[in-house]
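J.: Sharing start.cif, mmCIF, N, CA and C atoms:
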```cif
data_my_file
loop_
_atom_site.label_atom_id
_atom_site.label_comp_id
_atom_site.auth_asym_id
_atom_site.auth_seq_id
_atom_site.Cartn_x
_atom_site.Cartn_y
_atom_site.Cartn_z
N MET Y 1 13.57 104.01 -1.53
CA MET Y 1 13.34 102.79 -0.82
C MET Y 1 13.02 103.13 0.63
N ALA Y 2 11.90 102.60 1.11
CA ALA Y 2 11.48 102.91 2.47
C ALA Y 2 12.26 102.06 3.47
N ARG Y 3 12.60 102.67 4.57
CA ARG Y 3 13.29 101.94 5.63
C ARG Y 3 12.32 101.70 6.76
N ILE Y 4 12.53 100.61 7.45
CA ILE Y 4 11.60 100.21 8.53
C ILE Y 4 11.69 101.11 9.74
N GLU Y 5 12.79 101.80 9.92
CA GLU Y 5 12.95 102.59 11.13
C GLU Y 5 11.93 103.72 11.26
N TRP Y 6 11.38 104.19 10.19
CA TRP Y 6 10.44 105.29 10.28
C TRP Y 6 9.07 104.86 10.78
N LEU Y 7 8.79 103.52 10.79
CA LEU Y 7 7.51 103.05 11.28
C LEU Y 7 7.46 103.19 12.80
N PRO Y 8 6.31 103.51 13.33
CA PRO Y 8 6.19 103.54 14.79
C PRO Y 8 6.43 102.14 15.36
N ILE Y 9 6.85 102.09 16.61
CA ILE Y 9 7.21 100.81 17.24
C ILE Y 9 6.03 99.85 17.26
N ASP Y 10 4.81 100.33 17.46
CA ASP Y 10 3.66 99.43 17.53
C ASP Y 10 3.28 98.88 16.15
N ARG Y 11 3.83 99.40 15.06
CA ARG Y 11 3.52 98.91 13.72
C ARG Y 11 4.59 97.95 13.18
N ARG Y 12 5.70 97.81 13.87
CA ARG Y 12 6.74 96.89 13.42
C ARG Y 12 6.31 95.45 13.70
N MET Y 13 6.83 94.53 12.91
CA MET Y 13 6.45 93.13 13.05
C MET Y 13 7.47 92.43 13.93
N TYR Y 14 6.99 91.83 15.00
CA TYR Y 14 7.83 91.07 15.90
C TYR Y 14 7.34 89.65 15.97
N VAL Y 15 8.24 88.73 16.10
CA VAL Y 15 7.89 87.32 16.29
C VAL Y 15 8.09 87.03 17.77
N THR Y 16 7.01 86.67 18.40
CA THR Y 16 7.07 86.39 19.83
C THR Y 16 7.26 84.89 20.06
N LEU Y 17 7.55 84.54 21.29
CA LEU Y 17 7.72 83.14 21.65
C LEU Y 17 6.42 82.36 21.43
N SER Y 18 5.29 82.98 21.72
CA SER Y 18 4.00 82.29 21.50
C SER Y 18 3.77 82.04 20.01
N ASP Y 19 4.20 82.95 19.14
CA ASP Y 19 4.09 82.72 17.70
C ASP Y 19 4.93 81.52 17.28
N LEU Y 20 6.13 81.43 17.82
CA LEU Y 20 7.01 80.30 17.51
C LEU Y 20 6.43 78.99 18.02
N LEU Y 21 5.82 79.02 19.20
CA LEU Y 21 5.21 77.80 19.74
C LEU Y 21 4.04 77.34 18.89
N VAL Y 22 3.23 78.28 18.42
CA VAL Y 22 2.10 77.94 17.55
C VAL Y 22 2.61 77.33 16.25
N LEU Y 23 3.63 77.92 15.66
CA LEU Y 23 4.20 77.38 14.42
C LEU Y 23 4.81 76.00 14.65
N PHE Y 24 5.48 75.81 15.76
CA PHE Y 24 6.05 74.50 16.09
C PHE Y 24 4.94 73.47 16.27
N PHE Y 25 3.87 73.83 16.95
CA PHE Y 25 2.75 72.91 17.17
C PHE Y 25 2.09 72.54 15.84
N LEU Y 26 1.85 73.53 14.98
CA LEU Y 26 1.24 73.25 13.68
C LEU Y 26 2.15 72.38 12.82
N GLY Y 27 3.44 72.65 12.85
CA GLY Y 27 4.39 71.83 12.10
C GLY Y 27 4.44 70.40 12.62
N SER Y 28 4.38 70.24 13.93
CA SER Y 28 4.38 68.90 14.53
C SER Y 28 3.12 68.13 14.15
N CYS Y 29 1.98 68.80 14.16
CA CYS Y 29 0.73 68.16 13.76
C CYS Y 29 0.78 67.73 12.30
N LEU Y 30 1.32 68.58 11.45
CA LEU Y 30 1.44 68.25 10.04
C LEU Y 30 2.38 67.07 9.83
N ALA Y 31 3.50 67.03 10.54
CA ALA Y 31 4.45 65.92 10.42
C ALA Y 31 3.82 64.62 10.93
N PHE Y 32 3.08 64.67 12.03
CA PHE Y 32 2.40 63.49 12.58
C PHE Y 32 1.38 62.95 11.58
N TRP Y 33 0.63 63.85 10.97
CA TRP Y 33 -0.38 63.47 9.97
C TRP Y 33 0.29 62.84 8.75
N TRP Y 34 1.37 63.44 8.26
CA TRP Y 34 2.07 62.95 7.08
C TRP Y 34 2.66 61.56 7.34
N LEU Y 35 3.28 61.38 8.49
CA LEU Y 35 3.85 60.08 8.85
C LEU Y 35 2.74 59.03 8.99
N GLY Y 36 1.61 59.43 9.55
CA GLY Y 36 0.47 58.52 9.67
C GLY Y 36 -0.05 58.06 8.32
N LEU Y 37 -0.05 58.96 7.33
CA LEU Y 37 -0.47 58.57 5.98
C LEU Y 37 0.50 57.56 5.37
N GLN Y 38 1.79 57.77 5.58
CA GLN Y 38 2.78 56.84 5.05
C GLN Y 38 2.64 55.46 5.69
N ILE Y 39 2.41 55.43 6.98
CA ILE Y 39 2.26 54.16 7.68
C ILE Y 39 0.97 53.47 7.25
N ARG Y 40 -0.10 54.24 7.07
CA ARG Y 40 -1.36 53.66 6.60
C ARG Y 40 -1.20 53.08 5.19
N ASP Y 41 -0.44 53.76 4.33
CA ASP Y 41 -0.20 53.24 2.99
C ASP Y 41 0.58 51.93 3.05
N LYS Y 42 1.53 51.84 3.96
CA LYS Y 42 2.30 50.60 4.12
C LYS Y 42 1.39 49.46 4.57
N ALA Y 43 0.48 49.74 5.49
CA ALA Y 43 -0.47 48.73 5.95
C ALA Y 43 -1.43 48.33 4.83
N THR Y 44 -1.83 49.29 4.02
CA THR Y 44 -2.73 49.02 2.90
C THR Y 44 -2.08 48.06 1.91
N VAL Y 45 -0.82 48.29 1.59
CA VAL Y 45 -0.10 47.41 0.66
C VAL Y 45 0.02 46.00 1.24
N ALA Y 46 0.30 45.90 2.54
CA ALA Y 46 0.44 44.58 3.17
C ALA Y 46 -0.88 43.82 3.17
N VAL Y 47 -1.99 44.51 3.44
CA VAL Y 47 -3.30 43.86 3.43
C VAL Y 47 -3.65 43.40 2.02
N ARG Y 48 -3.40 44.24 1.04
CA ARG Y 48 -3.70 43.87 -0.35
C ARG Y 48 -2.92 42.62 -0.76
N LYS Y 49 -1.62 42.59 -0.41
CA LYS Y 49 -0.80 41.43 -0.76
C LYS Y 49 -1.27 40.17 -0.05
N ARG Y 50 -1.63 40.29 1.23
CA ARG Y 50 -2.11 39.12 1.99
C ARG Y 50 -3.40 38.59 1.39
N CYS Y 51 -4.32 39.48 1.05
CA CYS Y 51 -5.59 39.04 0.45
C CYS Y 51 -5.36 38.39 -0.91
N GLU Y 52 -4.45 38.94 -1.70
CA GLU Y 52 -4.14 38.32 -2.99
C GLU Y 52 -3.50 36.95 -2.79
N HIS Y 53 -2.60 36.84 -1.84
CA HIS Y 53 -1.91 35.57 -1.57
C HIS Y 53 -2.89 34.48 -1.13
N LEU Y 54 -3.87 34.84 -0.33
CA LEU Y 54 -4.85 33.86 0.17
C LEU Y 54 -6.08 33.76 -0.72
N ASP Y 55 -6.07 34.45 -1.85
CA ASP Y 55 -7.20 34.45 -2.80
C ASP Y 55 -8.49 34.92 -2.15
N LEU Y 56 -8.41 36.03 -1.43
CA LEU Y 56 -9.57 36.64 -0.78
C LEU Y 56 -9.91 37.96 -1.47
N GLN Y 57 -11.16 38.35 -1.34
CA GLN Y 57 -11.58 39.65 -1.86
C GLN Y 57 -11.44 40.68 -0.75
N TRP Y 58 -10.65 41.69 -0.99
CA TRP Y 58 -10.51 42.78 -0.03
C TRP Y 58 -11.61 43.78 -0.34
N LEU Y 59 -12.58 43.87 0.54
CA LEU Y 59 -13.77 44.69 0.28
C LEU Y 59 -13.49 46.16 0.54
N ASP Y 60 -13.97 47.01 -0.30
CA ASP Y 60 -13.90 48.47 -0.22
C ASP Y 60 -12.48 49.03 -0.34
N GLN Y 61 -11.45 48.20 -0.39
CA GLN Y 61 -10.06 48.61 -0.49
C GLN Y 61 -9.69 49.73 0.49
N THR Y 62 -10.19 49.62 1.70
CA THR Y 62 -9.89 50.63 2.73
C THR Y 62 -9.51 49.94 4.03
N ILE Y 63 -8.74 50.65 4.82
CA ILE Y 63 -8.46 50.24 6.19
C ILE Y 63 -8.79 51.42 7.09
N VAL Y 64 -9.19 51.12 8.31
CA VAL Y 64 -9.65 52.14 9.23
C VAL Y 64 -8.84 52.04 10.53
N LEU Y 65 -8.33 53.16 11.00
CA LEU Y 65 -7.59 53.18 12.26
C LEU Y 65 -8.56 52.94 13.40
N LYS Y 66 -8.31 51.86 14.14
CA LYS Y 66 -9.20 51.49 15.25
C LYS Y 66 -8.62 51.92 16.59
N ARG Y 67 -7.30 51.72 16.79
CA ARG Y 67 -6.65 52.08 18.06
C ARG Y 67 -5.29 52.70 17.79
N LEU Y 68 -4.90 53.56 18.70
CA LEU Y 68 -3.60 54.21 18.66
C LEU Y 68 -3.08 54.26 20.09
N ARG Y 69 -1.97 53.57 20.35
CA ARG Y 69 -1.44 53.49 21.72
C ARG Y 69 0.07 53.70 21.69
N ILE Y 70 0.62 53.96 22.86
CA ILE Y 70 2.07 54.03 23.01
C ILE Y 70 2.53 52.71 23.63
N ARG Y 71 3.46 52.04 22.94
CA ARG Y 71 4.02 50.78 23.44
C ARG Y 71 5.52 50.79 23.23
N ARG Y 72 6.20 49.90 23.89
CA ARG Y 72 7.65 49.79 23.75
C ARG Y 72 8.00 48.93 22.55
N GLY Y 73 8.96 49.39 21.79
CA GLY Y 73 9.43 48.65 20.63
C GLY Y 73 10.45 47.60 21.03
N ALA Y 74 11.05 46.96 20.05
CA ALA Y 74 12.05 45.92 20.29
C ALA Y 74 13.28 46.49 20.98
N ASP Y 75 13.56 47.76 20.75
CA ASP Y 75 14.73 48.40 21.38
C ASP Y 75 14.42 48.94 22.76
N GLY Y 76 13.18 48.80 23.22
CA GLY Y 76 12.80 49.26 24.55
C GLY Y 76 12.32 50.70 24.60
N LEU Y 77 12.38 51.40 23.48
CA LEU Y 77 11.93 52.78 23.45
C LEU Y 77 10.44 52.85 23.12
N PRO Y 78 9.74 53.85 23.66
CA PRO Y 78 8.32 53.97 23.35
C PRO Y 78 8.10 54.40 21.90
N CYS Y 79 7.10 53.81 21.27
CA CYS Y 79 6.70 54.22 19.92
C CYS Y 79 5.19 53.97 19.79
N LEU Y 80 4.62 54.44 18.69
CA LEU Y 80 3.18 54.33 18.49
C LEU Y 80 2.81 52.96 17.94
N TRP Y 81 1.79 52.38 18.53
CA TRP Y 81 1.22 51.12 18.07
C TRP Y 81 -0.14 51.45 17.45
N ARG Y 82 -0.35 51.00 16.24
CA ARG Y 82 -1.60 51.28 15.52
C ARG Y 82 -2.30 49.97 15.19
N LEU Y 83 -3.62 49.98 15.30
CA LEU Y 83 -4.43 48.82 14.91
C LEU Y 83 -5.43 49.30 13.87
N TYR Y 84 -5.35 48.72 12.69
CA TYR Y 84 -6.27 49.05 11.60
C TYR Y 84 -7.19 47.86 11.36
N THR Y 85 -8.42 48.14 10.95
CA THR Y 85 -9.36 47.09 10.59
C THR Y 85 -9.67 47.19 9.10
N PHE Y 86 -10.03 46.06 8.54
CA PHE Y 86 -10.44 46.01 7.13
C PHE Y 86 -11.43 44.87 6.98
N GLU Y 87 -12.14 44.86 5.87
CA GLU Y 87 -13.12 43.81 5.62
C GLU Y 87 -12.73 43.02 4.38
N PHE Y 88 -12.99 41.71 4.45
CA PHE Y 88 -12.68 40.85 3.32
C PHE Y 88 -13.76 39.79 3.19
N SER Y 89 -13.75 39.11 2.07
CA SER Y 89 -14.71 38.04 1.82
C SER Y 89 -13.98 36.92 1.09
N SER Y 90 -14.40 35.71 1.37
CA SER Y 90 -13.80 34.57 0.66
C SER Y 90 -14.72 34.08 -0.46
N THR Y 91 -16.02 34.23 -0.28
CA THR Y 91 -16.97 33.75 -1.28
C THR Y 91 -17.72 34.87 -1.98
N GLY Y 92 -17.66 36.06 -1.44
CA GLY Y 92 -18.41 37.17 -2.00
C GLY Y 92 -19.75 37.37 -1.33
N ASP Y 93 -20.15 36.43 -0.47
CA ASP Y 93 -21.44 36.53 0.22
C ASP Y 93 -21.32 37.12 1.61
N GLU Y 94 -20.30 36.70 2.34
CA GLU Y 94 -20.15 37.16 3.72
C GLU Y 94 -19.01 38.18 3.83
N ARG Y 95 -19.13 39.01 4.87
CA ARG Y 95 -18.07 39.97 5.18
C ARG Y 95 -17.42 39.54 6.48
N TYR Y 96 -16.09 39.56 6.49
CA TYR Y 96 -15.32 39.26 7.68
C TYR Y 96 -14.42 40.45 7.97
N GLN Y 97 -14.14 40.66 9.23
CA GLN Y 97 -13.30 41.79 9.62
C GLN Y 97 -11.92 41.28 10.03
N GLY Y 98 -10.90 41.84 9.39
CA GLY Y 98 -9.53 41.49 9.71
C GLY Y 98 -8.82 42.66 10.37
N TYR Y 99 -7.65 42.38 10.93
CA TYR Y 99 -6.89 43.41 11.65
C TYR Y 99 -5.44 43.39 11.18
N VAL Y 100 -4.84 44.55 11.14
CA VAL Y 100 -3.40 44.66 10.91
C VAL Y 100 -2.86 45.59 11.98
N SER Y 101 -1.80 45.15 12.65
CA SER Y 101 -1.21 45.97 13.71
C SER Y 101 0.21 46.34 13.32
N LEU Y 102 0.58 47.57 13.65
CA LEU Y 102 1.90 48.10 13.35
C LEU Y 102 2.49 48.71 14.61
N LEU Y 103 3.75 48.46 14.82
CA LEU Y 103 4.49 49.07 15.92
C LEU Y 103 5.54 49.97 15.29
N GLY Y 104 5.34 51.26 15.43
CA GLY Y 104 6.18 52.20 14.69
C GLY Y 104 5.87 52.08 13.22
N LYS Y 105 6.91 51.81 12.41
CA LYS Y 105 6.71 51.61 10.97
C LYS Y 105 6.73 50.14 10.58
N ARG Y 106 6.80 49.25 11.56
CA ARG Y 106 6.95 47.82 11.30
C ARG Y 106 5.61 47.11 11.48
N ILE Y 107 5.25 46.29 10.50
CA ILE Y 107 4.01 45.51 10.59
C ILE Y 107 4.26 44.34 11.53
N GLU Y 108 3.42 44.25 12.57
CA GLU Y 108 3.53 43.14 13.52
C GLU Y 108 2.74 41.94 13.04
N THR Y 109 1.43 42.11 12.89
CA THR Y 109 0.58 40.98 12.51
C THR Y 109 -0.52 41.44 11.56
N ILE Y 110 -0.97 40.49 10.77
CA ILE Y 110 -2.20 40.64 9.99
C ILE Y 110 -3.08 39.47 10.39
N GLU Y 111 -4.18 39.77 11.06
CA GLU Y 111 -5.06 38.72 11.59
C GLU Y 111 -6.32 38.61 10.75
N LEU Y 112 -6.60 37.38 10.35
CA LEU Y 112 -7.82 37.08 9.62
C LEU Y 112 -8.61 36.05 10.42
N PRO Y 113 -9.86 36.33 10.75
CA PRO Y 113 -10.64 35.34 11.51
C PRO Y 113 -10.98 34.13 10.63
N ALA Y 114 -11.48 33.10 11.27
CA ALA Y 114 -11.89 31.91 10.54
C ALA Y 114 -12.97 32.31 9.52
N HIS Y 115 -12.82 31.81 8.30
CA HIS Y 115 -13.76 32.16 7.25
C HIS Y 115 -13.95 30.95 6.34
N ARG Y 116 -15.03 30.99 5.56
CA ARG Y 116 -15.33 29.90 4.64
C ARG Y 116 -14.32 29.91 3.49
N LEU Y 117 -13.98 28.73 3.08
CA LEU Y 117 -13.15 28.59 1.87
C LEU Y 117 -14.08 28.37 0.70
N HIS Y 118 -13.74 28.93 -0.43
CA HIS Y 118 -14.63 28.78 -1.59
C HIS Y 118 -14.42 27.49 -2.30
#
```
Will you turn the file into structure tokens for me?
T.:
Amino acid sequence: MARIEWLPIDRRMYVTLSDLLVLFFLGSCLAFWWLGLQIRDKATVAVRKRCEHLDLQWLDQTIVLKRLRIRRGADGLPCLWRLYTFEFSSTGDERYQGYVSLLGKRIETIELPAHRLH
């Protein structure tokens, strides 16, 4: 069994502070992305339910992140505010753009502009 001590010092593997910082940064980016997907899925479910409740067609079944800001939550602490857009139709002929806003993981509003009733 080979022992590491026989390797020259320049061939040994060391973990430097910069390596740890890079790993921490990559892990933070991955966690931010994963949390963003969960929040987007929550907004997607809320939009689908609202469109079903109002008997609207949710076009393309997608939502798009429009804005990302830092705002204060109900507890006074800063958290991320997200604004997603989506398209819907009431008659199948016209497209209307709606908005859903989230503060942290909580849905604040789902806004639908004035549209024709079928």
J.: Between Y:Tyr14, Y:Phe86, Y:Trp81, Y:Phe32, which residue has the minimum interatomic distance to Arg106 in chain Y, considering only C-alpha atoms?
T.: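 The closest residue to Arg106 in chain Y is Y:Trp81.
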J.: Just the number, please: distance in Å from CA of Leu103 in chain Y to atom N of Arg82 in chain Y, one decimal.
T.: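 Distance between the two atoms: 5.2 Å.
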J.: Pick the closest to Lys66 in chain Y from Y:Leu83, Y:Cys29, Y:Ala46, Y:Leu54: which is it, counting all atoms listed in the file?
T.: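 Selected residue with least distance to Lys66 in chain Y: Y:Leu83.
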J.: One number please: CA of Thr85 in chain Y to CA of Ser28 in chain Y, in Å, one decimal.
T.: 26.1 Å
J.: Skip His115 in chain Y itself and residues of its chain fewer than 3 positions away, then list as an mmCIF file with N, CA and C atoms, in the frame of the given file all residues within 8 Å of it, counting only N, CA and C atoms.
T.:
```cif
data_model
loop_
_atom_site.group_PDB
_atom_site.id
_atom_site.type_symbol
_atom_site.label_atom_id
_atom_site.label_comp_id
_atom_site.auth_asym_id
_atom_site.auth_seq_id
_atom_site.Cartn_x
_atom_site.Cartn_y
_atom_site.Cartn_z
ATOM 1 N N SER Y 89 -13.750 39.110 2.070
ATOM 2 C CA SER Y 89 -14.710 38.040 1.820
ATOM 3 C C SER Y 89 -13.980 36.920 1.090
ATOM 4 N N SER Y 90 -14.400 35.710 1.370
ATOM 5 C CA SER Y 90 -13.800 34.570 0.660
ATOM 6 C C SER Y 90 -14.720 34.080 -0.460
ATOM 7 N N THR Y 91 -16.020 34.230 -0.280
ATOM 8 C CA THR Y 91 -16.970 33.750 -1.280
ATOM 9 C C THR Y 91 -17.720 34.870 -1.980
ATOM 10 N N TYR Y 96 -16.090 39.560 6.490
ATOM 11 C CA TYR Y 96 -15.320 39.260 7.680
ATOM 12 C C TYR Y 96 -14.420 40.450 7.970
ATOM 13 N N LEU Y 112 -6.600 37.380 10.350
ATOM 14 C CA LEU Y 112 -7.820 37.080 9.620
ATOM 15 C C LEU Y 112 -8.610 36.050 10.420
ATOM 16 N N HIS Y 118 -13.740 28.930 -0.430
ATOM 17 C CA HIS Y 118 -14.630 28.780 -1.590
ATOM 18 C C HIS Y 118 -14.420 27.490 -2.300
#
```
J.: Give me, please, the distance in Å between CA of Leu80 in chain Y and CA of Leu21 in chain Y, quoted to one decimal.
T.: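 About the pair CA of Leu80 in chain Y and CA of Leu21 in chain Y: they are 23.6 Å apart.
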J.: Pick from Y:Leu117, Y:Leu102, Y:Glu111, Y:Leu30: nearest to Arg69 in chain Y, with only C-alpha atoms counted?
T.: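 With only C-alpha atoms as the atom set, the closest residue is Y:Leu102.
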J.: From the list Y:Gly92, Y:Phe25, Y:Lys105, Y:Leu59, which residue is nearest Cys79 in chain Y when using only C-alpha atoms?
T.: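 Smallest distance to Cys79 in chain Y is found for Y:Lys105.
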J.: Using DSSP secondary structure from the backbone, list all strand (DSSP E) positions within chain Y, as an MDAnalysis selection string.
T.: chainID Y and resid 57:72 78:89 96:103 106:111
J.: As lines of an AutoDock Vina configuration file, please: the centre and edge lengths in Å, to one decimal, of an axis-aligned box enclosing every listed atom of range 35-51 of chain Y with 4 Å added on each side.
T.:
```
center_x = -0.9
center_y = 49.9
center_z = 4.4
size_x = 17.4
size_y = 31.0
size_z = 18.6
```
J.: What's around Val47 in chain Y at 8 Å? Count only N, CA and C atoms, leave out sequence neighbours fewer than 4 positions away in its own chain, and write the answer as number ranges by chain.
T.: Y: 41-43, 51-53, 58, 100, 110
J.: With distances taken over all atoms listed in the file, which residue among Y:Tyr84, Y:Phe24, Y:Asp60, Y:Arg67 lies nearest Ser101 in chain Y?
T.: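 Of the candidates, the smallest distance to Ser101 in chain Y is held by Y:Tyr84.
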J.: Considering only N, CA and C atoms, return as number ranges by chain whatever protein or nucleic-acid residues lie within 8 Å of Glu87 in chain Y, sequence-local ones (same chain, fewer than 5 positions apart) excluded.
T.: Y: 57-64, 94-99
